[in-house]
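For reference, the structure discussed in these notes is given below.
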Amino acid sequence: MKAVIGISNWSQNRDALRTLAKKIDAGKRLPEADYQLNFPSPVELLAELPPKRLQILRELKSAGALSVYALAKRLGRNYSNVHGDIQRLLALGLVEKNAAGQVLRPALERSSPTQSSGQGALRFGS
């Protein structure tokens, strides 16, 4: 499974949901679902995923599960700033915490923005 982060408007989402509903109604087998996180504009995407948050995702990919304190130390950033970024990434579903309270996420695979549909996408895969 992968997470796909992109830019999409309501009409694109509505059309995709209609297509999915038709498949369900027809009793067709559905493909494995990807986690989709869409923003209505590039400005909103960049507001939610600025470079510092993307840096956190890259660090978690290379280091694996870390405490917020250890992550802040590795990044050379203030603990409370990293904690705030982690809280937002948790809310977006891009990271999670394990039983020990460490932050982790699936392996990240970044692809180029999708141009064929006129929308950009970052793909996160396992």
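Note on naming: chains are A, B, ... as they come in the structure tokens, residues start from 1 per chain, ligands start from 1 in the order shown.
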Practice task
Using backbone DSSP assignments, extract all strand (DSSP E or B) residues from segment 45-110 of chain A; output them as a ChimeraX atom specification.
Solution key: /A:66,96-97,103-104
Keeping only C-alpha atoms, write those residues as a PDB file, in the first residue's frame.
ATOM      1  CA  LEU A  66      12.505   7.305  16.807  1.00  0.00           C
ATOM      2  CA  GLU A  96       2.093   6.968  13.525  1.00  0.00           C
ATOM      3  CA  LYS A  97       3.365   6.100  16.975  1.00  0.00           C
ATOM      4  CA  VAL A 103       7.276   7.937  15.683  1.00  0.00           C
ATOM      5  CA  LEU A 104       7.410   5.873  12.501  1.00  0.00           C
TER       6      LEU A 104
END
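Among the candidates A:Asn98, A:Thr19, A:Ser41, A:Ser62, the one nearest to Ile7 of chain A when counting only C-alpha atoms is A:Ser41.
The gap separating atom CA of Ala47 of chain A from atom CA of Ser11 of chain A is 22.4 Å, in Å to one decimal.
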